[in-house]
$ cat coords.cif   # mmCIF, C-alpha atoms
data_my_file
#
loop_
_atom_site.label_atom_id
_atom_site.label_comp_id
_atom_site.auth_asym_id
_atom_site.auth_seq_id
_atom_site.Cartn_x
_atom_site.Cartn_y
_atom_site.Cartn_z
CA MET A 512 118.68 122.03 156.10
CA PRO A 513 119.03 125.52 154.54
CA LYS A 514 116.19 127.99 154.38
CA MET A 515 113.97 127.91 151.30
CA LYS A 516 114.19 131.05 149.16
CA THR A 517 111.05 132.99 148.27
CA LYS A 518 109.98 132.46 144.70
CA SER A 519 110.48 135.71 142.80
CA ALA A 520 107.88 134.79 140.17
CA ALA A 521 105.19 134.32 142.83
CA LYS A 522 106.25 137.50 144.61
CA LYS A 523 105.73 139.49 141.40
CA ARG A 524 102.39 137.91 140.46
CA PHE A 525 100.51 137.77 143.77
CA LYS A 526 99.71 140.16 146.61
CA VAL A 527 98.32 139.18 150.01
CA THR A 528 95.59 141.49 151.31
CA ALA A 529 95.18 142.60 154.92
CA SER A 530 92.40 140.05 155.41
CA GLY A 531 94.72 137.26 154.19
CA LYS A 532 93.24 136.69 150.74
CA VAL A 533 95.58 136.40 147.75
CA LYS A 534 95.01 138.75 144.82
CA ARG A 535 95.99 137.97 141.24
CA ALA A 536 95.64 139.48 137.78
CA HIS A 537 93.75 137.99 134.86
CA SER A 538 95.67 136.45 131.97
CA GLY A 539 95.15 137.16 128.28
CA LYS A 540 95.83 140.91 128.17
CA ASN A 541 99.29 140.97 126.53
CA HIS A 542 98.87 140.19 122.84
CA ILE A 543 96.34 139.21 120.15
CA LEU A 544 94.01 141.91 121.46
CA THR A 545 92.42 142.81 118.11
CA LYS A 546 90.04 139.84 118.11
CA LYS A 547 88.93 140.42 121.73
CA ASP A 548 86.05 142.84 122.17
CA ARG A 549 86.24 145.90 124.42
CA LYS A 550 84.02 144.42 127.11
CA ARG A 551 86.29 141.40 127.49
CA LYS A 552 89.48 143.50 127.62
CA ASN A 553 87.98 145.85 130.20
CA SER A 554 86.95 142.95 132.44
CA LEU A 555 90.48 141.50 132.19
CA ARG A 556 91.79 144.69 133.83
CA GLN A 557 90.03 143.85 137.08
CA GLY A 558 91.92 141.87 139.67
CA ALA A 559 90.65 138.58 141.09
CA TYR A 560 91.20 136.39 144.12
CA VAL A 561 92.97 133.04 144.12
CA ASP A 562 90.87 129.94 144.89
CA LYS A 563 90.85 128.73 148.49
CA GLY A 564 92.60 125.50 147.48
CA GLN A 565 95.55 127.36 145.95
CA GLU A 566 95.90 130.03 148.66
CA LYS A 567 98.05 127.95 151.02
CA THR A 568 100.45 126.93 148.23
CA ILE A 569 100.97 130.50 147.04
CA LYS A 570 101.47 131.81 150.55
CA THR A 571 104.24 129.25 151.12
CA LEU A 572 105.92 130.41 147.90
CA ILE A 573 105.79 134.02 149.06
CA TYR A 574 106.44 133.72 152.81
CA ASN A 575 108.31 130.42 153.28
CA LYS A 576 106.90 129.61 156.70
#

$ encode --input "coords.cif" --output "structure tokens"
Amino acid sequence: MPKMKTKSAAKKRFKVTASGKVKRAHSGKNHILTKKDRKRKNSLRQGAYVDKGQEKTIKTLIYNK
């Protein structure tokens, strides 16, 4: 069976930290920003971590182990 390719979409959207956690960005910061208040837009800038249940799936998409 051939090797599975890494998923480019996952590679672009997620980063694995040194401790093994998976970082992600918040959604909702691209368009229709006029109705969102400043506080909400500022908090969307901050990164976040992926849930424990999803971590394994995303790591397989990035690493293919």

$ residues_near_point --input "coords.cif" --point "(96.8, 135.8, 138.6)" --cutoff "8 Å" --atoms "only C-alpha atoms" --output "ChimeraX atom specification"
/A:524-525,534-538,558-561

$ write_last_selection --input "coords.cif" --atoms "C-alpha atoms" --output "PDB file, in the coordinates of the input"
ATOM      1  CA  ARG A 524     102.390 137.910 140.460  1.00  0.00           C
ATOM      2  CA  PHE A 525     100.510 137.770 143.770  1.00  0.00           C
ATOM      3  CA  LYS A 534      95.010 138.750 144.820  1.00  0.00           C
ATOM      4  CA  ARG A 535      95.990 137.970 141.240  1.00  0.00           C
ATOM      5  CA  ALA A 536      95.640 139.480 137.780  1.00  0.00           C
ATOM      6  CA  HIS A 537      93.750 137.990 134.860  1.00  0.00           C
ATOM      7  CA  SER A 538      95.670 136.450 131.970  1.00  0.00           C
ATOM      8  CA  GLY A 558      91.920 141.870 139.670  1.00  0.00           C
ATOM      9  CA  ALA A 559      90.650 138.580 141.090  1.00  0.00           C
ATOM     10  CA  TYR A 560      91.200 136.390 144.120  1.00  0.00           C
ATOM     11  CA  VAL A 561      92.970 133.040 144.120  1.00  0.00           C
TER      12      VAL A 561
END

$ closest_residue --input "coords.cif" --among "A:Met512, A:Leu555, A:Val533, A:Leu544" --to "A:Leu572" --atoms "all atoms listed in the file"
A:Val533

$ residues_near_point --input "coords.cif" --point "(115.5, 129.6, 153.0)" --cutoff "12 Å" --atoms "only C-alpha atoms" --output "PyMOL selection string"
chain A and resi 512-518+571-576

$ axis_aligned_box --input "coords.cif" --around "stretch 560-572 of chain A" --padding-each-side "6 Å" --output "JSON"
{"center_x": 98.4, "center_y": 130.9, "center_z": 147.6, "size_x": 27.1, "size_y": 22.9, "size_z": 19.0}

$ atom_distance --input "coords.cif" --atom1 "atom CA of A:Ser554" --atom2 "atom CA of A:Lys532"
20.3 Å

$ decode --input "coords.cif" --residues "stretch 526-561 of chain A" --atoms "N, CA, C and O atoms" --output "mmCIF file, in the first residue's frame"
data_model
loop_
_atom_site.group_PDB
_atom_site.id
_atom_site.type_symbol
_atom_site.label_atom_id
_atom_site.label_comp_id
_atom_site.auth_asym_id
_atom_site.auth_seq_id
_atom_site.Cartn_x
_atom_site.Cartn_y
_atom_site.Cartn_z
ATOM 1 N N LYS A 526 -0.488 24.104 13.856
ATOM 2 C CA LYS A 526 0.920 23.992 14.224
ATOM 3 C C LYS A 526 0.998 23.149 15.490
ATOM 4 O O LYS A 526 0.188 23.306 16.390
ATOM 5 N N VAL A 527 1.995 22.266 15.552
ATOM 6 C CA VAL A 527 2.190 21.461 16.751
ATOM 7 C C VAL A 527 3.276 22.120 17.584
ATOM 8 O O VAL A 527 4.364 22.431 17.088
ATOM 9 N N THR A 528 2.977 22.354 18.875
ATOM 10 C CA THR A 528 3.930 22.999 19.767
ATOM 11 C C THR A 528 4.966 21.988 20.243
ATOM 12 O O THR A 528 4.842 20.796 20.001
ATOM 13 N N ALA A 529 5.978 22.482 20.948
ATOM 14 C CA ALA A 529 7.039 21.609 21.456
ATOM 15 C C ALA A 529 6.502 20.613 22.475
ATOM 16 O O ALA A 529 6.999 19.491 22.584
ATOM 17 N N SER A 530 5.477 21.020 23.220
ATOM 18 C CA SER A 530 4.890 20.126 24.224
ATOM 19 C C SER A 530 3.926 19.110 23.605
ATOM 20 O O SER A 530 3.427 18.232 24.298
ATOM 21 N N GLY A 531 3.626 19.252 22.306
ATOM 22 C CA GLY A 531 2.769 18.291 21.624
ATOM 23 C C GLY A 531 1.335 18.743 21.449
ATOM 24 O O GLY A 531 0.534 18.030 20.853
ATOM 25 N N LYS A 532 0.999 19.928 21.947
ATOM 26 C CA LYS A 532 -0.356 20.442 21.745
ATOM 27 C C LYS A 532 -0.483 20.975 20.324
ATOM 28 O O LYS A 532 0.509 21.320 19.690
ATOM 29 N N VAL A 533 -1.724 21.060 19.837
ATOM 30 C CA VAL A 533 -1.970 21.552 18.484
ATOM 31 C C VAL A 533 -2.623 22.922 18.572
ATOM 32 O O VAL A 533 -3.669 23.086 19.193
ATOM 33 N N LYS A 534 -1.982 23.922 17.944
ATOM 34 C CA LYS A 534 -2.508 25.277 17.945
ATOM 35 C C LYS A 534 -3.348 25.513 16.705
ATOM 36 O O LYS A 534 -3.091 24.949 15.644
ATOM 37 N N ARG A 535 -4.355 26.382 16.861
ATOM 38 C CA ARG A 535 -5.214 26.739 15.735
ATOM 39 C C ARG A 535 -5.588 28.219 15.850
ATOM 40 O O ARG A 535 -5.379 28.840 16.895
ATOM 41 N N ALA A 536 -6.137 28.760 14.787
ATOM 42 C CA ALA A 536 -6.624 30.141 14.798
ATOM 43 C C ALA A 536 -8.139 30.135 14.947
ATOM 44 O O ALA A 536 -8.793 29.125 14.680
ATOM 45 N N HIS A 537 -8.682 31.250 15.407
ATOM 46 C CA HIS A 537 -10.133 31.380 15.499
ATOM 47 C C HIS A 537 -10.717 31.691 14.125
ATOM 48 O O HIS A 537 -10.059 32.314 13.289
ATOM 49 N N SER A 538 -11.947 31.298 13.920
ATOM 50 C CA SER A 538 -12.638 31.623 12.666
ATOM 51 C C SER A 538 -13.445 32.905 12.848
ATOM 52 O O SER A 538 -13.617 33.391 13.964
ATOM 53 N N GLY A 539 -13.920 33.451 11.733
ATOM 54 C CA GLY A 539 -14.803 34.616 11.802
ATOM 55 C C GLY A 539 -14.082 35.943 11.752
ATOM 56 O O GLY A 539 -14.602 36.949 12.234
ATOM 57 N N LYS A 540 -12.900 36.000 11.155
ATOM 58 C CA LYS A 540 -12.131 37.251 11.127
ATOM 59 C C LYS A 540 -11.888 37.723 9.694
ATOM 60 O O LYS A 540 -11.078 38.615 9.456
ATOM 61 N N ASN A 541 -12.567 37.128 8.710
ATOM 62 C CA ASN A 541 -12.288 37.480 7.315
ATOM 63 C C ASN A 541 -13.226 38.526 6.718
ATOM 64 O O ASN A 541 -12.772 39.423 6.026
ATOM 65 N N HIS A 542 -14.520 38.410 6.967
ATOM 66 C CA HIS A 542 -15.441 39.373 6.361
ATOM 67 C C HIS A 542 -16.630 39.581 7.283
ATOM 68 O O HIS A 542 -16.749 38.937 8.312
ATOM 69 N N ILE A 543 -17.472 40.549 6.918
ATOM 70 C CA ILE A 543 -18.607 41.003 7.740
ATOM 71 C C ILE A 543 -18.100 41.416 9.127
ATOM 72 O O ILE A 543 -18.591 40.973 10.159
ATOM 73 N N LEU A 544 -17.099 42.289 9.127
ATOM 74 C CA LEU A 544 -16.488 42.715 10.381
ATOM 75 C C LEU A 544 -17.141 43.967 10.949
ATOM 76 O O LEU A 544 -16.872 44.330 12.100
ATOM 77 N N THR A 545 -17.984 44.638 10.185
ATOM 78 C CA THR A 545 -18.570 45.899 10.651
ATOM 79 C C THR A 545 -19.540 45.684 11.807
ATOM 80 O O THR A 545 -19.635 46.523 12.698
ATOM 81 N N LYS A 546 -20.256 44.566 11.803
ATOM 82 C CA LYS A 546 -21.233 44.320 12.867
ATOM 83 C C LYS A 546 -20.619 43.721 14.123
ATOM 84 O O LYS A 546 -21.267 43.620 15.144
ATOM 85 N N LYS A 547 -19.335 43.304 14.054
ATOM 86 C CA LYS A 547 -18.666 42.721 15.221
ATOM 87 C C LYS A 547 -17.946 43.827 15.975
ATOM 88 O O LYS A 547 -17.253 44.649 15.367
ATOM 89 N N ASP A 548 -18.115 43.855 17.290
ATOM 90 C CA ASP A 548 -17.479 44.919 18.063
ATOM 91 C C ASP A 548 -15.976 44.658 18.217
ATOM 92 O O ASP A 548 -15.483 43.568 17.964
ATOM 93 N N ARG A 549 -15.268 45.703 18.617
ATOM 94 C CA ARG A 549 -13.811 45.671 18.698
ATOM 95 C C ARG A 549 -13.305 44.585 19.638
ATOM 96 O O ARG A 549 -12.344 43.887 19.339
ATOM 97 N N LYS A 550 -13.987 44.432 20.756
ATOM 98 C CA LYS A 550 -13.578 43.434 21.748
ATOM 99 C C LYS A 550 -13.607 42.023 21.147
ATOM 100 O O LYS A 550 -12.694 41.221 21.356
ATOM 101 N N ARG A 551 -14.639 41.737 20.398
ATOM 102 C CA ARG A 551 -14.782 40.420 19.768
ATOM 103 C C ARG A 551 -13.698 40.181 18.710
ATOM 104 O O ARG A 551 -13.081 39.121 18.648
ATOM 105 N N LYS A 552 -13.427 41.208 17.893
ATOM 106 C CA LYS A 552 -12.414 41.078 16.848
ATOM 107 C C LYS A 552 -11.015 40.925 17.446
ATOM 108 O O LYS A 552 -10.200 40.153 16.941
ATOM 109 N N ASN A 553 -10.745 41.636 18.519
ATOM 110 C CA ASN A 553 -9.452 41.517 19.184
ATOM 111 C C ASN A 553 -9.261 40.127 19.773
ATOM 112 O O ASN A 553 -8.168 39.567 19.701
ATOM 113 N N SER A 554 -10.309 39.562 20.353
ATOM 114 C CA SER A 554 -10.186 38.233 20.948
ATOM 115 C C SER A 554 -10.044 37.152 19.878
ATOM 116 O O SER A 554 -9.454 36.103 20.135
ATOM 117 N N LEU A 555 -10.550 37.412 18.672
ATOM 118 C CA LEU A 555 -10.406 36.453 17.573
ATOM 119 C C LEU A 555 -8.971 36.389 17.054
ATOM 120 O O LEU A 555 -8.593 35.420 16.406
ATOM 121 N N ARG A 556 -8.171 37.416 17.342
ATOM 122 C CA ARG A 556 -6.763 37.413 16.945
ATOM 123 C C ARG A 556 -5.958 36.351 17.685
ATOM 124 O O ARG A 556 -5.016 35.806 17.144
ATOM 125 N N GLN A 557 -6.339 36.115 18.933
ATOM 126 C CA GLN A 557 -5.604 35.165 19.774
ATOM 127 C C GLN A 557 -5.723 33.750 19.217
ATOM 128 O O GLN A 557 -6.755 33.372 18.701
ATOM 129 N N GLY A 558 -4.659 32.994 19.346
ATOM 130 C CA GLY A 558 -4.693 31.598 18.948
ATOM 131 C C GLY A 558 -5.409 30.774 20.008
ATOM 132 O O GLY A 558 -5.726 31.272 21.089
ATOM 133 N N ALA A 559 -5.672 29.521 19.702
ATOM 134 C CA ALA A 559 -6.317 28.619 20.655
ATOM 135 C C ALA A 559 -5.758 27.217 20.436
ATOM 136 O O ALA A 559 -5.050 26.972 19.460
ATOM 137 N N TYR A 560 -6.051 26.329 21.360
ATOM 138 C CA TYR A 560 -5.604 24.946 21.239
ATOM 139 C C TYR A 560 -6.767 24.064 20.805
ATOM 140 O O TYR A 560 -7.916 24.317 21.147
ATOM 141 N N VAL A 561 -6.437 23.025 20.056
ATOM 142 C CA VAL A 561 -7.428 22.066 19.589
ATOM 143 C C VAL A 561 -7.833 21.178 20.761
ATOM 144 O O VAL A 561 -7.023 20.897 21.644
#
